[in-house]
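S.K.: Sharing my_file.cif (mmCIF, C-alpha atoms) below.
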```cif
data_model
#
loop_
_atom_site.label_atom_id
_atom_site.label_comp_id
_atom_site.auth_asym_id
_atom_site.auth_seq_id
_atom_site.Cartn_x
_atom_site.Cartn_y
_atom_site.Cartn_z
CA MET E 1 18.98 171.06 90.34
CA LYS E 2 19.34 173.28 93.30
CA LYS E 3 22.69 174.53 94.42
CA GLU E 4 22.26 172.85 97.85
CA GLU E 5 21.76 169.39 96.24
CA ARG E 6 24.75 169.77 93.95
CA ALA E 7 26.92 170.76 96.89
CA SER E 8 25.73 167.70 98.87
CA ILE E 9 26.60 165.32 95.99
CA SER E 10 30.07 166.83 95.68
CA ILE E 11 30.71 166.33 99.37
CA MET E 12 29.63 162.66 99.11
CA LYS E 13 32.03 162.07 96.22
CA ILE E 14 34.88 163.60 98.15
CA ILE E 15 34.12 161.38 101.16
CA CYS E 16 34.00 158.19 99.02
CA ILE E 17 37.26 159.00 97.26
CA SER E 18 38.92 159.67 100.63
CA ILE E 19 37.74 156.32 101.99
CA ILE E 20 39.10 154.49 98.92
CA LEU E 21 42.46 156.23 99.25
CA LEU E 22 42.63 155.30 102.92
CA LEU E 23 41.93 151.62 102.13
CA ILE E 24 44.61 151.52 99.43
CA SER E 25 47.18 153.11 101.69
CA GLY E 26 46.29 150.66 104.49
CA ILE E 27 46.85 147.67 102.22
CA GLY E 28 50.19 149.09 101.19
CA VAL E 29 51.19 149.55 104.83
CA MET E 30 50.16 145.95 105.61
CA ALA E 31 52.22 144.66 102.67
CA VAL E 32 55.23 146.60 103.85
CA ASN E 33 54.81 145.38 107.44
CA ALA E 34 54.48 141.74 106.25
CA LYS E 35 58.14 141.74 105.07
CA LEU E 36 57.73 139.29 102.20
CA SER E 37 60.84 137.17 101.54
CA ASP E 38 62.06 134.92 98.74
CA VAL E 39 62.70 131.38 99.98
CA LYS E 40 63.98 128.53 97.79
CA ILE E 41 62.39 125.08 98.29
CA VAL E 42 64.33 122.10 96.89
CA LEU E 43 62.22 118.94 96.53
CA GLN E 44 63.69 115.43 96.93
CA ASN E 45 63.63 114.84 93.17
CA GLY E 46 65.86 117.90 92.68
CA TYR E 47 63.13 120.29 91.50
CA GLU E 48 63.59 123.82 92.84
CA MET E 49 60.88 126.38 93.43
CA THR E 50 60.94 129.90 94.83
CA ALA E 51 58.23 130.96 97.27
CA LEU E 52 57.34 134.55 98.20
CA THR E 53 56.25 134.38 101.82
CA SER E 54 55.89 136.34 104.99
CA LYS E 55 56.40 133.25 107.11
CA THR E 56 59.72 132.42 108.75
CA LYS E 57 59.07 128.95 110.19
CA VAL E 58 59.88 126.02 107.88
CA SER E 59 56.70 124.07 108.67
CA GLU E 60 54.51 127.15 108.02
CA ILE E 61 56.23 127.87 104.69
CA LEU E 62 55.63 124.30 103.51
CA GLU E 63 52.00 124.42 104.64
CA GLU E 64 51.51 127.74 102.87
CA ASN E 65 52.76 126.14 99.63
CA ASN E 66 50.68 122.94 100.10
CA ILE E 67 53.77 120.72 100.51
CA ILE E 68 53.23 117.63 102.70
CA LEU E 69 56.17 115.46 103.80
CA GLU E 70 56.05 111.68 103.52
CA GLU E 71 56.95 109.45 106.49
CA ASN E 72 60.46 108.79 105.19
CA GLN E 73 61.22 112.45 104.45
CA LYS E 74 62.69 115.27 106.47
CA THR E 75 63.71 118.88 105.89
CA ILE E 76 67.02 120.67 106.21
CA PRO E 77 66.80 122.72 108.37
CA ASP E 78 64.15 120.89 110.47
CA LEU E 79 60.46 121.85 110.56
CA ASP E 80 60.75 123.96 113.72
CA SER E 81 63.62 126.08 112.43
CA GLU E 82 63.32 129.75 111.49
CA ILE E 83 64.84 130.93 108.20
CA VAL E 84 65.41 134.30 106.57
CA ALA E 85 65.30 135.61 103.01
CA GLY E 86 67.76 133.92 100.65
CA GLU E 87 67.97 130.67 102.61
CA SER E 88 66.77 127.32 101.27
CA ILE E 89 64.57 124.48 102.50
CA LYS E 90 65.75 121.07 101.32
CA ILE E 91 63.44 118.05 101.38
CA THR E 92 65.36 114.77 101.53
CA ASP E 93 65.33 111.19 102.83
CA LYS E 94 65.59 110.72 106.61
CA THR E 95 68.80 108.73 106.21
CA TYR E 96 70.57 111.63 104.48
CA GLN E 97 73.44 113.11 106.47
CA GLU E 98 74.46 116.68 105.64
CA VAL E 99 78.15 117.53 105.60
CA LYS E 100 78.44 120.80 107.45
CA ILE E 101 81.20 123.38 107.13
CA ALA E 102 83.20 123.97 110.26
CA LYS E 103 83.76 127.50 111.53
CA ILE E 104 86.35 128.90 113.89
CA SER E 105 84.30 131.59 115.59
CA GLU E 106 87.14 133.22 117.53
CA GLN E 107 89.10 134.11 114.40
CA GLY E 108 86.10 134.36 112.09
CA VAL E 109 87.74 131.91 109.65
CA GLU E 110 85.52 129.58 107.64
CA THR E 111 87.00 126.16 106.74
CA SER E 112 85.86 124.68 103.43
CA LEU E 113 85.01 121.01 102.91
CA ASN E 114 88.07 120.56 100.69
CA GLN E 115 90.30 121.84 103.48
CA LEU E 116 88.72 119.40 105.92
CA LEU E 117 89.34 116.52 103.53
CA GLU E 118 92.97 117.57 103.10
CA ASN E 119 93.46 117.51 106.87
CA TYR E 120 91.80 114.09 107.21
CA ALA E 121 94.30 111.23 106.97
CA PRO E 122 93.40 109.07 103.95
CA ILE E 123 93.18 105.28 104.11
CA THR E 124 95.28 103.43 101.56
CA GLU E 125 95.08 99.80 100.48
CA LYS E 126 97.87 97.51 99.34
CA ILE E 127 97.92 93.96 98.04
CA VAL E 128 100.82 92.14 99.72
CA VAL E 129 102.03 88.61 98.96
CA GLU E 130 103.95 86.84 101.73
CA GLN E 131 105.71 83.49 101.92
CA VAL E 132 104.56 81.66 105.07
CA ALA E 133 106.10 78.51 106.49
CA ILE E 134 103.80 75.54 107.13
CA PRO E 135 104.93 73.69 110.28
CA TYR E 136 105.29 69.94 110.04
CA GLU E 137 103.62 67.48 112.36
CA THR E 138 105.41 64.88 114.46
CA ILE E 139 103.91 61.41 114.16
CA THR E 140 104.78 58.77 116.72
CA LYS E 141 104.63 55.05 116.13
CA GLU E 142 104.80 52.62 119.03
CA THR E 143 106.56 49.29 118.69
CA GLY E 144 107.01 46.29 121.00
CA VAL E 145 107.70 46.41 124.72
CA ALA E 146 111.26 46.98 125.95
CA THR E 147 112.58 45.64 129.23
CA GLY E 148 114.76 48.66 129.92
CA ASN E 149 114.40 52.36 129.23
CA LYS E 150 112.46 53.16 126.08
CA THR E 151 114.40 54.32 123.06
CA ASN E 152 113.08 56.65 120.38
CA LYS E 153 114.16 56.40 116.79
CA VAL E 154 113.55 59.03 114.10
CA LEU E 155 112.35 57.26 110.99
CA GLN E 156 111.83 60.41 108.96
CA GLN E 157 113.01 63.97 109.52
CA GLY E 158 110.35 66.66 109.34
CA LYS E 159 110.48 69.49 106.82
CA GLU E 160 108.44 72.68 106.81
CA GLY E 161 106.15 73.38 103.91
CA LEU E 162 105.60 76.72 102.22
CA LYS E 163 102.50 78.60 101.23
CA GLU E 164 101.96 81.92 99.47
CA VAL E 165 99.41 84.11 101.21
CA THR E 166 97.90 87.18 99.53
CA TYR E 167 96.69 89.89 101.90
CA LYS E 168 94.74 93.10 101.43
CA ILE E 169 96.17 95.54 103.95
CA LYS E 170 94.75 98.96 104.88
CA TYR E 171 96.99 101.73 106.22
CA GLN E 172 96.26 105.09 107.80
CA ASN E 173 99.15 107.43 108.61
CA ASP E 174 101.45 104.55 107.58
CA VAL E 175 99.96 102.38 110.35
CA GLU E 176 98.38 99.02 109.50
CA ILE E 177 94.72 99.07 110.59
CA GLU E 178 93.35 95.99 108.83
CA LYS E 179 94.76 92.84 107.26
CA ILE E 180 92.53 90.44 105.33
CA VAL E 181 93.53 87.15 103.73
CA ILE E 182 92.44 87.11 100.08
CA SER E 183 93.91 83.78 99.00
CA GLU E 184 96.35 81.06 99.97
CA GLU E 185 98.33 78.81 97.68
CA ILE E 186 100.46 75.92 98.95
CA LYS E 187 103.79 75.90 97.17
CA LYS E 188 105.34 73.00 99.07
CA GLN E 189 103.64 70.46 101.33
CA PRO E 190 105.27 69.85 104.72
CA VAL E 191 106.93 66.51 105.42
CA ASN E 192 105.89 65.03 108.75
CA LYS E 193 108.48 63.87 111.23
CA ILE E 194 108.02 60.21 112.12
CA VAL E 195 109.36 58.94 115.43
CA GLN E 196 109.32 55.31 116.50
CA ILE E 197 108.70 54.87 120.22
CA GLN E 198 109.40 51.66 122.07
CA LYS E 199 107.06 50.97 124.97
CA VAL E 200 108.43 50.38 128.44
CA ALA E 201 107.28 47.46 130.52
CA THR E 202 106.04 48.50 133.96
CA SER E 203 105.99 46.49 137.15
CA ARG E 204 102.75 45.58 138.82
CA SER E 205 103.66 47.70 141.82
CA ALA E 206 103.89 50.81 139.69
CA THR E 207 100.93 53.13 139.37
CA PRO E 208 98.77 51.75 136.56
CA ARG E 209 98.51 53.94 133.47
CA THR E 210 95.13 55.05 132.20
CA THR E 211 93.97 52.74 129.50
CA THR E 212 92.44 54.14 126.35
CA SER E 213 90.80 51.91 123.82
CA TYR E 214 90.24 52.78 120.17
CA THR E 215 87.90 50.53 118.24
CA GLY E 216 85.99 51.16 115.04
CA GLY E 217 87.01 54.82 114.88
CA LYS E 218 85.84 55.49 118.46
CA TRP E 219 87.78 56.29 121.64
CA SER E 220 86.70 55.25 125.10
CA TYR E 221 88.07 56.53 128.42
CA SER E 222 87.61 55.90 132.10
CA ALA E 223 85.13 58.14 133.92
CA SER E 224 87.92 60.28 135.46
CA ASP E 225 89.69 60.77 132.12
CA PHE E 226 86.41 61.63 130.41
CA ASP E 227 85.75 64.24 133.12
CA LEU E 228 89.24 65.67 132.46
CA LEU E 229 88.54 65.83 128.71
CA CYS E 230 85.33 67.76 129.39
CA ALA E 231 87.00 70.14 131.86
CA ILE E 232 89.77 71.05 129.39
CA THR E 233 87.26 71.43 126.56
CA ALA E 234 85.03 73.70 128.67
CA GLN E 235 88.00 75.87 129.66
CA GLU E 236 89.00 76.32 126.00
CA CYS E 237 85.43 77.10 124.90
CA SER E 238 82.11 76.61 126.67
CA SER E 239 80.04 79.21 124.80
CA SER E 240 78.05 76.62 122.82
CA TYR E 241 77.87 73.01 121.70
CA ALA E 242 79.47 73.94 118.35
CA GLY E 243 82.32 75.79 120.09
CA SER E 244 83.02 72.85 122.43
CA LEU E 245 82.85 70.36 119.56
CA ALA E 246 85.33 72.51 117.60
CA VAL E 247 87.90 72.32 120.43
CA ILE E 248 87.71 68.53 120.91
CA THR E 249 87.65 68.15 117.10
CA ALA E 250 91.04 69.90 116.87
CA ALA E 251 92.46 67.45 119.42
CA CYS E 252 90.94 64.48 117.54
CA ASN E 253 92.38 65.72 114.23
CA ARG E 254 95.83 65.92 115.80
CA ALA E 255 95.43 62.45 117.32
CA ASP E 256 94.46 61.02 113.91
CA ALA E 257 97.54 62.59 112.29
CA ARG E 258 99.96 61.54 115.03
CA GLY E 259 98.59 58.14 115.93
CA THR E 260 97.81 59.20 119.50
CA ASP E 261 94.54 59.99 121.31
CA PRO E 262 92.71 63.29 122.13
CA LEU E 263 93.68 63.34 125.83
CA THR E 264 97.35 62.88 124.94
CA GLU E 265 97.06 65.87 122.58
CA TYR E 266 95.32 67.91 125.30
CA LYS E 267 98.26 67.18 127.62
CA ARG E 268 100.93 68.03 125.04
CA LYS E 269 103.13 70.81 126.42
CA GLY E 270 102.27 74.37 125.38
CA GLN E 271 99.38 73.36 123.12
CA PHE E 272 96.20 73.50 125.23
CA CYS E 273 95.29 75.06 128.57
CA TYR E 274 96.21 71.86 130.46
CA SER E 275 99.94 72.72 130.41
CA ILE E 276 99.56 76.50 130.24
CA ASP E 277 97.51 77.30 133.36
CA SER E 278 95.42 75.56 135.99
CA HIS E 279 92.06 77.25 135.39
CA TRP E 280 90.66 74.00 133.97
CA LYS E 281 90.87 72.37 137.39
CA LYS E 282 87.85 74.33 138.66
CA ARG E 283 85.77 72.65 135.97
CA LEU E 284 86.53 69.11 137.10
CA ASN E 285 83.88 66.90 138.66
CA GLY E 286 81.21 67.91 136.19
CA ASN E 287 81.46 71.70 136.54
CA TYR E 288 80.57 72.30 132.90
CA ALA E 289 77.46 72.51 130.75
CA SER E 290 75.76 69.32 129.60
CA TYR E 291 76.36 70.25 125.96
CA VAL E 292 80.12 70.20 126.65
CA SER E 293 80.02 66.54 127.69
CA GLN E 294 77.72 65.83 124.76
CA ALA E 295 80.20 67.46 122.35
CA VAL E 296 83.08 65.42 123.81
CA THR E 297 81.03 62.20 123.59
CA ASP E 298 80.09 62.90 119.97
CA ALA E 299 83.70 63.67 119.00
CA LEU E 300 85.01 60.49 120.63
CA ASN E 301 82.40 58.63 118.58
CA GLY E 302 83.60 60.20 115.32
CA ALA E 303 81.72 63.54 115.03
CA ARG E 304 83.73 66.47 113.60
CA ASN E 305 82.80 70.04 112.61
CA HIS E 306 86.06 71.14 110.91
CA ASN E 307 89.33 69.81 109.50
CA TYR E 308 91.74 72.09 111.38
CA ARG E 309 94.32 71.23 114.04
CA SER E 310 95.07 74.66 115.51
CA PHE E 311 93.12 77.60 116.90
CA ARG E 312 93.58 80.94 118.61
CA SER E 313 91.27 83.43 120.30
CA ALA E 314 89.17 85.39 117.81
CA GLY E 315 90.86 88.59 116.60
CA THR E 316 94.42 87.29 116.90
CA HIS E 317 94.55 85.18 113.75
CA ALA E 318 92.83 84.79 110.40
CA GLY E 319 90.70 81.69 109.95
CA VAL E 320 87.27 80.19 110.61
CA ASN E 321 85.47 81.49 113.72
CA ILE E 322 83.65 78.81 115.71
CA GLY E 323 82.35 79.66 119.18
CA GLY E 324 84.74 82.58 119.66
CA ASN E 325 87.92 80.77 118.56
CA VAL E 326 89.50 81.04 115.10
CA TYR E 327 90.57 77.73 113.58
CA PHE E 328 93.26 77.40 110.93
#
```
Re-express the file's structure as structure tokens.
M.R.:
Amino acid sequence: MKKEERASISIMKIICISIILLLISGIGVMAVNAKLSDVKIVLQNGYEMTALTSKTKVSEILEENNIILEENQKTIPDLDSEIVAGESIKITDKTYQEVKIAKISEQGVETSLNQLLENYAPITEKIVVEQVAIPYETITKETGVATGNKTNKVLQQGKEGLKEVTYKIKYQNDVEIEKIVISEEIKKQPVNKIVQIQKVATSRSATPRTTTSYTGGKWSYSASDFDLLCAITAQECSSSYAGSLAVITAACNRADARGTDPLTEYKRKGQFCYSIDSHWKKRLNGNYASYVSQAVTDALNGARNHNYRSFRSAGTHAGVNIGGNVYF
């Protein structure tokens, strides 16, 4: 082989080797510039995997590792967040709430979760048993007509009963924040007070009293007295038929126990709105819903939806809530 040919081959070899070296060095430079990072990925089932990646966006890292989220899953941090080497991507249920650690940036102090819990006022529960008096009812019995002033006679003195009520009470910072009745046990039944009332004869010139008839377990009233019953009922509760029926039922239950009638119970001092304020007057002359009059009609004909005689606004007493009032 001629010297010129050998020299040409040697030059070609040198050129090829140089090109290969340049390619290798270029790949190395690219790898360095890519800044590969270790990122931990924690799956929802608890499995952990470490990914070597040049990506920094959460969604791109998951895509690079062929991880697809289900509809009910999310990531912490979220898909659009950027992360750095050493940080983790956690896949969890969308309802999961992460407890974060608070930081005080001005002082550079980091507060741990345990410290936060220590500063948070705990809620304590206690079971408390109380003795509660049961008020007695006053039952009136009418006798024959007297010619003079009527005279009342107490046939039986009333005595309060006693019940034992067990409460579950929650406290925070020694302040009661919730009180729930767990059970009630009657220790002593109340004894009703019985009063005998003698009717008074009235002259014909006097203003006639409203007559109320009670036959076969049903009350009947004049049109004006029925309108008054409906107005008082609507003022106490007009949110629904059930709520209105519950109010008139309480009056009927009292009337049954005392031997009176529902309107008399409505007019009893300090018991219903009739003697407490005058707001009921604006509901007279039919200014109430039709279901209120229907509830009153049904109650006068014997319909009932509870066995209670007392009620308060919801939130002020424990009992059965009907139409926004609590009955007990």
S.K.: Find the distance between atom CA of E:Arg312 and atom CA of E:Tyr167 and write it in Å to one decimal.
M.R.: 19.2 Å
S.K.: What would the selection look like, as number ranges by chain, if the PyMOL selection byres ((chain E and resi 170) around 7) were run on the coordinates I just shared?
M.R.: E: 123-126, 168-169, 171-172, 176-179
S.K.: Padding 5 Å on each side, edges along x, y and z: where is the centre of the box around the listed atoms of stretch 257-268 of chain E, and how long are its edges in Å to one decimal? Output it as AutoDock Vina command-line options.
M.R.:
```
--center_x 96.8 --center_y 63.1 --center_z 120.0 --size_x 18.2 --size_y 19.9 --size_z 25.3
```
S.K.: So how many Å separate atom CA of E:Tyr274 and atom CA of E:Gly216, to one decimal?
M.R.: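 Between atom CA of E:Tyr274 and atom CA of E:Gly216 the gap is 27.8 Å.
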S.K.: Calculate how many Å separate atom CA of E:Val181 from atom CA of E:Ile134, rounding to one decimal.
M.R.: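 About the pair atom CA of E:Val181 and atom CA of E:Ile134: they are 15.9 Å apart.
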S.K.: Nearest to E:Ala295: which of E:Thr249, E:Thr166, E:Thr92, E:Thr53 is it, counting all atoms listed in the file?
M.R.: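 Result for the nearest residue to E:Ala295: E:Thr249.
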S.K.: What's the 6 Å shell around E:Tyr327, counting all atoms listed in the file, without same-chain residues fewer than 4 positions away, as a VMD selection string?
M.R.: chain E and resid 310 to 311 319 to 320
S.K.: Leaving out E:Val191 and any residue of its chain fewer than 3 positions from it, which residues lie within 12 Å of it when counting all atoms listed in the file, given as a list of chain:residue names?
M.R.: E:Ile134, E:Pro135, E:Tyr136, E:Glu137, E:Thr138, E:Ile139, E:Gln156, E:Gln157, E:Gly158, E:Lys159, E:Glu160, E:Gly161, E:Leu162, E:Lys188, E:Ile194
S.K.: For the residues selected in the previous step, produce a file with C-alpha atoms as a JSON list (two decimals), in the frame of the given file.
M.R.:
```json
[["chain", "number", "residue", "atom", "x", "y", "z"],
["E", 134, "ILE", "CA", 103.80, 75.54, 107.13],
["E", 135, "PRO", "CA", 104.93, 73.69, 110.28],
["E", 136, "TYR", "CA", 105.29, 69.94, 110.04],
["E", 137, "GLU", "CA", 103.62, 67.48, 112.36],
["E", 138, "THR", "CA", 105.41, 64.88, 114.46],
["E", 139, "ILE", "CA", 103.91, 61.41, 114.16],
["E", 156, "GLN", "CA", 111.83, 60.41, 108.96],
["E", 157, "GLN", "CA", 113.01, 63.97, 109.52],
["E", 158, "GLY", "CA", 110.35, 66.66, 109.34],
["E", 159, "LYS", "CA", 110.48, 69.49, 106.82],
["E", 160, "GLU", "CA", 108.44, 72.68, 106.81],
["E", 161, "GLY", "CA", 106.15, 73.38, 103.91],
["E", 162, "LEU", "CA", 105.60, 76.72, 102.22],
["E", 188, "LYS", "CA", 105.34, 73.00, 99.07],
["E", 194, "ILE", "CA", 108.02, 60.21, 112.12]]
```
S.K.: Starting from the shown file, work through the PyMOL selection byres ((chain E and resi 273) around 12) and note down what comes out as a list in words.
M.R.: Leu228, Leu229, Ala231, Ile232, Thr233, Ala234, Gln235, Glu236, Cys237, Val247, Glu265, Tyr266, Lys267, Arg268, Lys269, Gly270, Gln271, Phe272, Tyr274, Ser275, Ile276, Asp277, Ser278, His279, Trp280, Lys281 and Arg312 of chain E
S.K.: Looking at all atoms listed in the file, which of E:Leu69, E:Ala257, E:Val42, E:Ile83 is the one that sits closest to E:Thr140?
M.R.: E:Ala257
S.K.: Give the answer as one residue: which of E:Val154, E:Val39, E:Ile197, E:Ile61 has the shortest atom-to-atom distance to E:Val84, using only C-alpha atoms?
M.R.: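 Of E:Val154, E:Val39, E:Ile197, E:Ile61, the one nearest E:Val84 is E:Val39, counting only C-alpha atoms.
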S.K.: Need the neighbours of (56.9, 114.6, 102.7): which residues are at most 10 Å away, counting all atoms listed in the file, as a list in words?
M.R.: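 The answer, in the requested form, is Leu43, Gln44, Leu62, Ile67, Ile68, Leu69, Glu70, Glu71, Asn72, Gln73, Lys74, Thr75, Ile91, Thr92 and Asp93 of chain E.
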S.K.: Under the rule that all atoms listed in the file are counted, which of E:Lys141, E:Ser293, E:Asp174, E:Phe226 is the nearest residue to E:Lys193?
M.R.: E:Lys141
S.K.: Find the residue from E:Thr212, E:Ser290, E:Thr260, E:Thr297 that sits nearest to E:Ser239; use only C-alpha atoms when measuring.
M.R.: E:Ser290
S.K.: Leaving out stretch 304-306 of chain E and any residue of its chain fewer than 5 positions from it, which residues lie within 12 Å of it when counting only C-alpha atoms, given as an MDAnalysis selection string?
M.R.: chainID E and resid 241:253 295:299 311 319:323 326:328
